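Report on the following structure.
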Amino acid sequence: MMLKRVHPQTIQTIRKRAEEIISELQINTLPVKIEDVAKKMGLRLTPFAFDDNISGVLVIEEGQGTIGYNQNESRVRRRFTIAHECGHYCLHKDQASMFMDKGLKALFRSTHSGLTEDTQVLEREANTFAAYVLMPDHLLKKEIDKIDFDLGSEDDIKNLARTFDVSSQAMYYRILNSGLLRF
Ligand SMILES: [Zn+2]
């Protein structure tokens, strides 16, 4: 993949892009219907029987974006993949015409082995976008306020993850980075 020069975007910028989409689509119920988000962004969705280590791809041809996602992965993984590819489309469609994602389970590591620094920046940005689209701030805050939330409680994390239909790991990191907790 040929990349143009990458200018890292701030978390605030990415969060704003994600929140604009969420508010445009008037998403107020959980879990966020990520397939609808992708379609409303003008993207096509196609399930593929990729081999195990490919989670998803985004291909942009003549302005039309198509997301392929690995149908063999679990639902929460497929949801995250679709959200991640939406992130590439929203943030990076001028950078490249194809993105291929392998092993998104390494998603919160700051370094992905074998990837260039520029590619790592893009992957992190797409993951940040995915986290804010699947777990929008206003809805997360509402759910956290409903319960006496305890970051140390596996059950609390699991329940919230179930409500948002994301992995417990994704929920844990989202909350940790949210600034929503008072210590
Ligand atoms: Zn990616």
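Here's how to read the names in the structure tokens: chain A, B, ... by the order shown, residue numbers from 1 in each chain, ligand numbers from 1 in the order shown.
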
Find the nearest atom pair between each residue of chain A and ligand 1 for residues within 12 Å, count only C-alpha atoms and all ligand atoms, give distances in Å to one decimal, sort rows by chain and ascending number, and present the table as a tab-separated table.
```
residue	atom	partner	partner_atom_place_in_ligand_line	distance
A:Ile54	CA	ligand 1	1 (Zn)	10.6
A:Ser55	CA	ligand 1	1 (Zn)	9.2
A:Gly56	CA	ligand 1	1 (Zn)	8.0
A:Val57	CA	ligand 1	1 (Zn)	7.8
A:Leu58	CA	ligand 1	1 (Zn)	8.4
A:Val59	CA	ligand 1	1 (Zn)	11.6
A:Ile67	CA	ligand 1	1 (Zn)	11.2
A:Tyr69	CA	ligand 1	1 (Zn)	11.7
A:Phe80	CA	ligand 1	1 (Zn)	10.7
A:Thr81	CA	ligand 1	1 (Zn)	8.3
A:Ile82	CA	ligand 1	1 (Zn)	10.0
A:Ala83	CA	ligand 1	1 (Zn)	9.9
A:His84	CA	ligand 1	1 (Zn)	6.2
A:Glu85	CA	ligand 1	1 (Zn)	6.3
A:Cys86	CA	ligand 1	1 (Zn)	9.5
A:Gly87	CA	ligand 1	1 (Zn)	8.2
A:His88	CA	ligand 1	1 (Zn)	6.5
A:Tyr89	CA	ligand 1	1 (Zn)	9.9
A:Cys90	CA	ligand 1	1 (Zn)	12.0
A:Leu91	CA	ligand 1	1 (Zn)	11.0
A:His92	CA	ligand 1	1 (Zn)	9.9
A:Lys93	CA	ligand 1	1 (Zn)	11.8
A:Ala96	CA	ligand 1	1 (Zn)	11.4
A:Met98	CA	ligand 1	1 (Zn)	9.8
A:Phe99	CA	ligand 1	1 (Zn)	6.1
A:Met100	CA	ligand 1	1 (Zn)	6.3
A:Asp101	CA	ligand 1	1 (Zn)	4.9
A:Lys102	CA	ligand 1	1 (Zn)	7.9
A:Gly103	CA	ligand 1	1 (Zn)	9.7
A:Leu104	CA	ligand 1	1 (Zn)	7.8
A:Lys105	CA	ligand 1	1 (Zn)	11.4
A:Ala106	CA	ligand 1	1 (Zn)	11.2
A:Leu107	CA	ligand 1	1 (Zn)	9.3
A:His112	CA	ligand 1	1 (Zn)	11.1
A:Leu115	CA	ligand 1	1 (Zn)	11.0
A:Asp118	CA	ligand 1	1 (Zn)	11.7
A:Thr119	CA	ligand 1	1 (Zn)	8.3
A:Gln120	CA	ligand 1	1 (Zn)	8.7
A:Val121	CA	ligand 1	1 (Zn)	9.7
A:Leu122	CA	ligand 1	1 (Zn)	6.8
A:Glu123	CA	ligand 1	1 (Zn)	4.6
A:Arg124	CA	ligand 1	1 (Zn)	7.9
A:Glu125	CA	ligand 1	1 (Zn)	8.5
A:Ala126	CA	ligand 1	1 (Zn)	6.0
A:Asn127	CA	ligand 1	1 (Zn)	7.5
A:Thr128	CA	ligand 1	1 (Zn)	10.8
A:Phe129	CA	ligand 1	1 (Zn)	10.8
A:Ala130	CA	ligand 1	1 (Zn)	10.3
```

- [ ] Just the strand (DSSP E or B) stuff from stretch 38-120 of chain A, please, per backbone DSSP, written as JSON, numbers by chain.
- [x] {"A": [44, 45, 46, 47, 48, 54, 55, 56, 57, 58, 59, 60, 61, 64, 65, 66, 67, 68, 69, 70, 98, 99, 100, 101, 102]}

Task: Which of A:Leu25, A:Lys141, A:Leu181, A:Val76 sits closest to A:Ser168 [using only C-alpha atoms] - done: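 Closest residue, counting only C-alpha atoms: A:Val76.
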
TODO: Could you tell me which of A:Met41, A:Asp94, A:Leu134, A:His7 comes closest to A:Glu62 if we count only C-alpha atoms?
DONE: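 So, comparing all the options, the nearest one is A:Asp94.
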
- [ ] Might you pull out every residue within 10 Å of A:Asp145, with only C-alpha atoms counted and same-chain residues fewer than 5 positions away left off, and present them as a ChimeraX atom specification?
- [x] /A:139-140,180-181

Task: Residue neighbourhood A:Phe164, 8 Å, only C-alpha atoms, exclusion window fewer than 4 positions, as a VMD selection string - done: chain A and resid 30 to 32 134 to 135 160

Can you write out the residues you just picked, keeping N, CA, C and O atoms, as a PDB file, in the first residue's frame?
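The result, stored in part_17.pdb:
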```pdb
ATOM      1  N   LEU A  30     -28.979   1.624  22.206  1.00  0.00           N
ATOM      2  CA  LEU A  30     -27.849   0.695  22.238  1.00  0.00           C
ATOM      3  C   LEU A  30     -28.327  -0.728  21.959  1.00  0.00           C
ATOM      4  O   LEU A  30     -29.458  -1.061  22.289  1.00  0.00           O
ATOM      5  N   PRO A  31     -27.453  -1.568  21.423  1.00  0.00           N
ATOM      6  CA  PRO A  31     -26.132  -1.212  20.905  1.00  0.00           C
ATOM      7  C   PRO A  31     -26.220  -0.412  19.607  1.00  0.00           C
ATOM      8  O   PRO A  31     -27.199  -0.518  18.883  1.00  0.00           O
ATOM      9  N   VAL A  32     -25.179   0.377  19.328  1.00  0.00           N
ATOM     10  CA  VAL A  32     -25.111   1.139  18.087  1.00  0.00           C
ATOM     11  C   VAL A  32     -25.150   0.158  16.908  1.00  0.00           C
ATOM     12  O   VAL A  32     -24.405  -0.816  16.883  1.00  0.00           O
ATOM     13  N   LEU A 134     -18.712   3.167  18.528  1.00  0.00           N
ATOM     14  CA  LEU A 134     -19.415   2.040  19.176  1.00  0.00           C
ATOM     15  C   LEU A 134     -19.801   2.361  20.616  1.00  0.00           C
ATOM     16  O   LEU A 134     -20.761   1.799  21.147  1.00  0.00           O
ATOM     17  N   MET A 135     -19.018   3.244  21.252  1.00  0.00           N
ATOM     18  CA  MET A 135     -19.272   3.603  22.648  1.00  0.00           C
ATOM     19  C   MET A 135     -19.297   5.128  22.767  1.00  0.00           C
ATOM     20  O   MET A 135     -18.397   5.738  23.342  1.00  0.00           O
ATOM     21  N   LEU A 160     -21.494  -3.761  30.925  1.00  0.00           N
ATOM     22  CA  LEU A 160     -21.441  -2.613  30.021  1.00  0.00           C
ATOM     23  C   LEU A 160     -21.071  -3.062  28.609  1.00  0.00           C
ATOM     24  O   LEU A 160     -21.657  -2.605  27.620  1.00  0.00           O
TER      25      LEU A 160
END
```

TODO: Counting only C-alpha atoms, figure out which residue out of A:His138, A:Arg75, A:Arg44, A:Lys4 gets nearest to A:Ser178.
DONE: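 Among A:His138, A:Arg75, A:Arg44, A:Lys4, it is A:His138 that comes nearest to A:Ser178.
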
- [ ] Quick one: pull the distance between atom CA of A:Lys158 and atom CA of A:Ser74, Å, one decimal.
- [x]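 Between atom CA of A:Lys158 and atom CA of A:Ser74 the gap is 16.0 Å.
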
Open item on the list: Using only C-alpha atoms, which protein or nucleic acid residues come within 9 Å of A:Ile21? Drop anything in the same chain fewer than 4 positions from it, and give the result as a ChimeraX atom specification.
Closed with: /A:16-17,25-27,37,41,133

Write a file of the just-selected residues containing N, CA, C and O atoms, as a tab-separated table (two decimals), in the first residue's frame.
```
chain	number	residue	atom	x	y	z
A	16	LYS	N	-14.39	14.04	17.64
A	16	LYS	CA	-15.37	14.96	17.09
A	16	LYS	C	-15.96	14.41	15.80
A	16	LYS	O	-17.18	14.48	15.58
A	17	ARG	N	-15.12	13.83	14.94
A	17	ARG	CA	-15.62	13.25	13.68
A	17	ARG	C	-16.62	12.14	13.99
A	17	ARG	O	-17.67	12.03	13.36
A	25	LEU	N	-26.81	10.93	12.70
A	25	LEU	CA	-27.68	9.74	12.53
A	25	LEU	C	-28.65	9.59	13.69
A	25	LEU	O	-29.43	8.65	13.73
A	26	GLN	N	-28.57	10.51	14.63
A	26	GLN	CA	-29.46	10.51	15.80
A	26	GLN	C	-29.47	9.16	16.51
A	26	GLN	O	-30.52	8.58	16.77
A	27	ILE	N	-28.28	8.70	16.81
A	27	ILE	CA	-28.15	7.41	17.49
A	27	ILE	C	-28.30	7.61	18.99
A	27	ILE	O	-27.50	8.30	19.62
A	37	VAL	N	-24.67	2.51	10.43
A	37	VAL	CA	-23.75	3.64	10.40
A	37	VAL	C	-22.92	3.59	9.12
A	37	VAL	O	-22.80	4.57	8.38
A	41	MET	N	-22.96	6.13	5.92
A	41	MET	CA	-21.75	6.83	5.49
A	41	MET	C	-21.49	6.58	4.00
A	41	MET	O	-20.49	7.04	3.45
A	133	VAL	N	-17.34	5.55	18.10
A	133	VAL	CA	-18.60	5.30	17.39
A	133	VAL	C	-19.40	4.19	18.09
A	133	VAL	O	-20.61	4.31	18.26
```

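The space between atom CA of A:Gln12 and atom CA of A:Glu117 spans 20.7 Å.
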
Task: Separation of atom CA of A:Glu73 from atom CA of A:Gln169 in Å - done: 16.0 Å

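With only C-alpha atoms as the atoms that count, the minimum distance from A:Arg77 to the choices A:Leu176, A:Ile34, A:Gly63, A:Thr29 is reached by A:Ile34.
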
Open item on the list: Using only C-alpha atoms, can you tell me which of A:Pro136, A:Gly68, A:Pro8, A:Gly179 comes closest to A:Glu35?
Closed with: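 Residue with the minimum atom-to-atom distance to A:Glu35: A:Gly68.
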